[in-house]
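Chemist: Below are the structure tokens for one structure; questions will follow.
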Amino acid sequence: MTDQKMNVESFNLDHTKVKAPYIRLADIKTGEHGDTIHKYDMRICQPNQEHMEMPGLHSLEHLMAEMSRNHSDRVVDISPMGCQTGFYIAMINYDDYDGVLDLVEGTLKDVLEADEVPACNEMQCGWAASHSLEGAKRIARGFLAKRDEWSRVFA
């Protein structure tokens with residue numbers, strides 16, 4: 001491991017010290033007109049020990065991207081981490097950490113009620129064959145079951 005500071009915030013995070021599941025504020029960017037983007041690290045799986053399988057992760061991404069916007073118009077993006085251990089959530093002009101936890105909780109409860117994955121077809125998705133509604137629900141159920149741990153990042 002290098003002591004050199006990296007440009008990407010999460011590359012400076014010691015992944016051996018965190019304890020998933022958690023949601024943490026990872027970064028804040030301020031635009032030239034004063035808008036702020038708050039980026040949250042929603043870590044579902046313990047880094048380097050477990051990961052989400054791609055069909056479930058992919059479906060959870062579609063479900064959260066669509067359903068989160070029913071809870072807030074401040075959601076800019078919800079995107080999966082390449083390591084398959086979590087998601088990044090970007091919010092504009094919204095710095096209420098507890099509100100983000102509530103947003104995630106409400107969205108995941110919606111996921112559990114879903115009977116289909118939104119935009120799960122070749123016209124709207126780049127890999128429509130790679131989806132699992134049940135996999136997405138399994139991930140959501142597991143993360144929701146540990147709701148009381150989401151604010152604790154380190155063991």
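Identifiers in this document derive from the order of the structure tokens: chains are assigned A, B, ..., residues are numbered from 1 separately in each chain, and ligands are numbered from 1 in order of occurrence.
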Find the residues near segment 116-120 of chain A: any atom within 8 Å, counting only C-alpha atoms, skip ones fewer than 2 places away on the same chain, and give them as a list in words.
Modeler: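 The neighbour list is Ser59, His62, Leu63, Glu66, Ala114, Glu122, Gln124, Cys125, Ala128, His131 and Leu133 of chain A.
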Chemist: Output the selection as a short mmCIF file (atom, residue, chain, number, x, y, z; two decimals), in the first residue's frame - N, CA and C atoms for each residue.
Modeler:
```cif
data_model
loop_
_atom_site.label_atom_id
_atom_site.label_comp_id
_atom_site.auth_asym_id
_atom_site.auth_seq_id
_atom_site.Cartn_x
_atom_site.Cartn_y
_atom_site.Cartn_z
N SER A 59 -30.07 -5.80 -10.87
CA SER A 59 -31.50 -5.54 -10.65
C SER A 59 -31.70 -4.55 -9.51
N HIS A 62 -31.19 -1.06 -10.85
CA HIS A 62 -32.36 -0.57 -11.58
C HIS A 62 -33.48 -0.17 -10.61
N LEU A 63 -33.75 -1.04 -9.65
CA LEU A 63 -34.84 -0.79 -8.69
C LEU A 63 -34.57 0.45 -7.85
N GLU A 66 -34.74 3.77 -9.92
CA GLU A 66 -36.10 4.19 -10.22
C GLU A 66 -36.87 4.56 -8.95
N ALA A 114 -41.58 -5.03 -4.92
CA ALA A 114 -41.58 -5.00 -6.39
C ALA A 114 -41.95 -6.36 -6.97
N GLU A 122 -34.16 -5.23 -23.59
CA GLU A 122 -33.04 -4.87 -24.46
C GLU A 122 -33.10 -3.43 -24.95
N GLN A 124 -34.08 -0.80 -23.09
CA GLN A 124 -33.75 0.14 -22.02
C GLN A 124 -32.54 -0.24 -21.20
N CYS A 125 -31.95 -1.40 -21.44
CA CYS A 125 -30.84 -1.88 -20.61
C CYS A 125 -29.75 -2.48 -21.49
N ALA A 128 -29.71 -6.83 -20.58
CA ALA A 128 -31.03 -7.20 -20.07
C ALA A 128 -31.12 -8.65 -19.61
N HIS A 131 -30.26 -10.18 -14.97
CA HIS A 131 -31.09 -9.62 -13.90
C HIS A 131 -31.62 -10.73 -13.00
N LEU A 133 -34.58 -10.45 -9.91
CA LEU A 133 -35.41 -9.76 -8.93
C LEU A 133 -35.25 -10.40 -7.55
#
```
Chemist: Give me the residues near Gln46 of chain A as a list in words, where near means some atom within 7 Å (using only C-alpha atoms) and where sequence neighbours in that chain fewer than 2 positions away do not count.
Modeler: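 These residues fall inside the cut-off: Lys19, Ala20, Ile44, Asn48, Gln49, Glu50 and Thr85 of chain A.
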Chemist: Next, write the just-selected residues to a file, as an mmCIF file, in the first residue's frame, keeping C-alpha atoms as the atom set.
Modeler:
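See again19.cif below for the written result:
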```cif
data_model
loop_
_atom_site.group_PDB
_atom_site.id
_atom_site.type_symbol
_atom_site.label_atom_id
_atom_site.label_comp_id
_atom_site.auth_asym_id
_atom_site.auth_seq_id
_atom_site.Cartn_x
_atom_site.Cartn_y
_atom_site.Cartn_z
ATOM 1 C CA LYS A 19 -17.136 -3.039 8.877
ATOM 2 C CA ALA A 20 -20.018 -3.459 6.452
ATOM 3 C CA ILE A 44 -23.446 -3.769 1.606
ATOM 4 C CA ASN A 48 -12.429 -8.482 0.096
ATOM 5 C CA GLN A 49 -14.546 -11.081 1.913
ATOM 6 C CA GLU A 50 -17.847 -11.112 0.048
ATOM 7 C CA THR A 85 -19.572 -4.597 -2.532
#
```
Chemist: Can you work out the spacing between atom CA of Arg147 of chain A and atom CA of Tyr97 of chain A in Å, to one decimal?
Modeler: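 Interatomic distance here is 13.9 Å.
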Chemist: Identify, on the basis of only C-alpha atoms, every residue whose closest approach to Lys146 of chain A does not exceed 10 Å; exclude the query and any residue fewer than 4 positions from it along the same chain; express the result as a short mmCIF file (atom, residue, chain, number, x, y, z; two decimals) with N, CA, C and O atoms, in the first residue's frame.
Modeler:
```
data_model
loop_
_atom_site.label_atom_id
_atom_site.label_comp_id
_atom_site.auth_asym_id
_atom_site.auth_seq_id
_atom_site.Cartn_x
_atom_site.Cartn_y
_atom_site.Cartn_z
N ALA A 20 -18.72 -3.52 7.12
CA ALA A 20 -20.02 -3.46 6.45
C ALA A 20 -21.05 -4.23 7.27
O ALA A 20 -20.69 -5.15 8.00
N PRO A 21 -22.31 -3.83 7.19
CA PRO A 21 -22.88 -2.82 6.30
C PRO A 21 -22.82 -1.43 6.92
O PRO A 21 -22.89 -1.28 8.13
N TYR A 22 -22.72 -0.42 6.05
CA TYR A 22 -22.74 0.96 6.52
C TYR A 22 -23.09 1.89 5.37
O TYR A 22 -23.04 1.51 4.20
N ILE A 44 -22.58 -2.65 1.29
CA ILE A 44 -23.45 -3.77 1.61
C ILE A 44 -22.64 -4.98 2.06
O ILE A 44 -23.00 -5.67 3.01
N ARG A 141 -33.09 -7.28 1.58
CA ARG A 141 -33.54 -7.85 2.86
C ARG A 141 -32.37 -7.93 3.85
O ARG A 141 -32.51 -7.55 5.02
N GLY A 142 -31.22 -8.40 3.38
CA GLY A 142 -30.05 -8.51 4.25
C GLY A 142 -29.56 -7.17 4.75
O GLY A 142 -29.19 -7.02 5.92
N TRP A 150 -25.99 0.79 10.16
CA TRP A 150 -25.61 1.60 9.00
C TRP A 150 -24.75 2.81 9.34
O TRP A 150 -23.97 3.27 8.50
#
```
Chemist: Any idea what's packed within 9 Å of Ile28 of chain A, counting only C-alpha atoms, ignoring anything in its chain fewer than 3 positions away? Could you give it as a list in words?
Modeler: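 Those residues are Leu25, Thr36, Ile37, His38 and Lys39 of chain A.
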Chemist: Could you save those same residues with all heavy atoms as an mmCIF file, in the first residue's frame?
Modeler:
```
data_model
loop_
_atom_site.group_PDB
_atom_site.id
_atom_site.type_symbol
_atom_site.label_atom_id
_atom_site.label_comp_id
_atom_site.auth_asym_id
_atom_site.auth_seq_id
_atom_site.Cartn_x
_atom_site.Cartn_y
_atom_site.Cartn_z
ATOM 1 N N LEU A 25 -20.739 9.270 4.483
ATOM 2 C CA LEU A 25 -20.488 10.385 3.579
ATOM 3 C C LEU A 25 -19.063 10.240 3.067
ATOM 4 O O LEU A 25 -18.113 10.234 3.849
ATOM 5 C CB LEU A 25 -20.672 11.716 4.308
ATOM 6 C CG LEU A 25 -20.389 12.970 3.492
ATOM 7 C CD1 LEU A 25 -21.331 13.090 2.299
ATOM 8 C CD2 LEU A 25 -20.481 14.200 4.375
ATOM 9 N N THR A 36 -24.230 21.803 -4.081
ATOM 10 C CA THR A 36 -23.350 20.799 -3.486
ATOM 11 C C THR A 36 -23.829 19.402 -3.853
ATOM 12 O O THR A 36 -25.027 19.130 -3.905
ATOM 13 C CB THR A 36 -23.293 20.914 -1.953
ATOM 14 O OG1 THR A 36 -24.621 20.778 -1.426
ATOM 15 C CG2 THR A 36 -22.678 22.224 -1.508
ATOM 16 N N ILE A 37 -22.873 18.544 -4.126
ATOM 17 C CA ILE A 37 -23.136 17.126 -4.355
ATOM 18 C C ILE A 37 -22.530 16.373 -3.171
ATOM 19 O O ILE A 37 -21.334 16.484 -2.898
ATOM 20 C CB ILE A 37 -22.501 16.617 -5.664
ATOM 21 C CG1 ILE A 37 -23.029 17.376 -6.875
ATOM 22 C CG2 ILE A 37 -22.712 15.102 -5.807
ATOM 23 C CD1 ILE A 37 -24.452 17.081 -7.261
ATOM 24 N N HIS A 38 -23.373 15.632 -2.466
ATOM 25 C CA HIS A 38 -22.920 14.775 -1.370
ATOM 26 C C HIS A 38 -22.915 13.344 -1.887
ATOM 27 O O HIS A 38 -23.952 12.859 -2.356
ATOM 28 C CB HIS A 38 -23.858 14.890 -0.164
ATOM 29 C CG HIS A 38 -23.721 16.170 0.573
ATOM 30 N ND1 HIS A 38 -24.116 17.374 0.056
ATOM 31 C CD2 HIS A 38 -23.206 16.439 1.795
ATOM 32 C CE1 HIS A 38 -23.856 18.341 0.926
ATOM 33 N NE2 HIS A 38 -23.305 17.804 1.990
ATOM 34 N N LYS A 39 -21.751 12.716 -1.839
ATOM 35 C CA LYS A 39 -21.607 11.338 -2.314
ATOM 36 C C LYS A 39 -21.501 10.413 -1.111
ATOM 37 O O LYS A 39 -20.649 10.599 -0.242
ATOM 38 C CB LYS A 39 -20.379 11.198 -3.198
ATOM 39 C CG LYS A 39 -20.200 9.784 -3.752
ATOM 40 C CD LYS A 39 -19.048 9.723 -4.728
ATOM 41 C CE LYS A 39 -17.824 9.194 -4.053
ATOM 42 N NZ LYS A 39 -16.707 8.945 -4.955
#
```
Chemist: For Met64 of chain A, which residue out of A:Asp35, A:Cys83, A:Val104, A:Ile92 is the nearest one, using only C-alpha atoms?
Modeler: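 Smallest separation from Met64 of chain A among the options: A:Val104.
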Chemist: Compare A:Ile23, A:Val153, A:Val8, A:Ala90 by their minimum atom-to-atom distance to Asp73 of chain A, counting only C-alpha atoms, and give me the closest one.
Modeler: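 Of A:Ile23, A:Val153, A:Val8, A:Ala90, the one nearest Asp73 of chain A, counting only C-alpha atoms, is A:Ala90.
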Chemist: Check the smallest atom-to-atom distance from each of A:Ser10, A:Glu134, A:Glu32, A:His71 to Val100 of chain A using only C-alpha atoms, then report the winner.
Modeler: A:His71
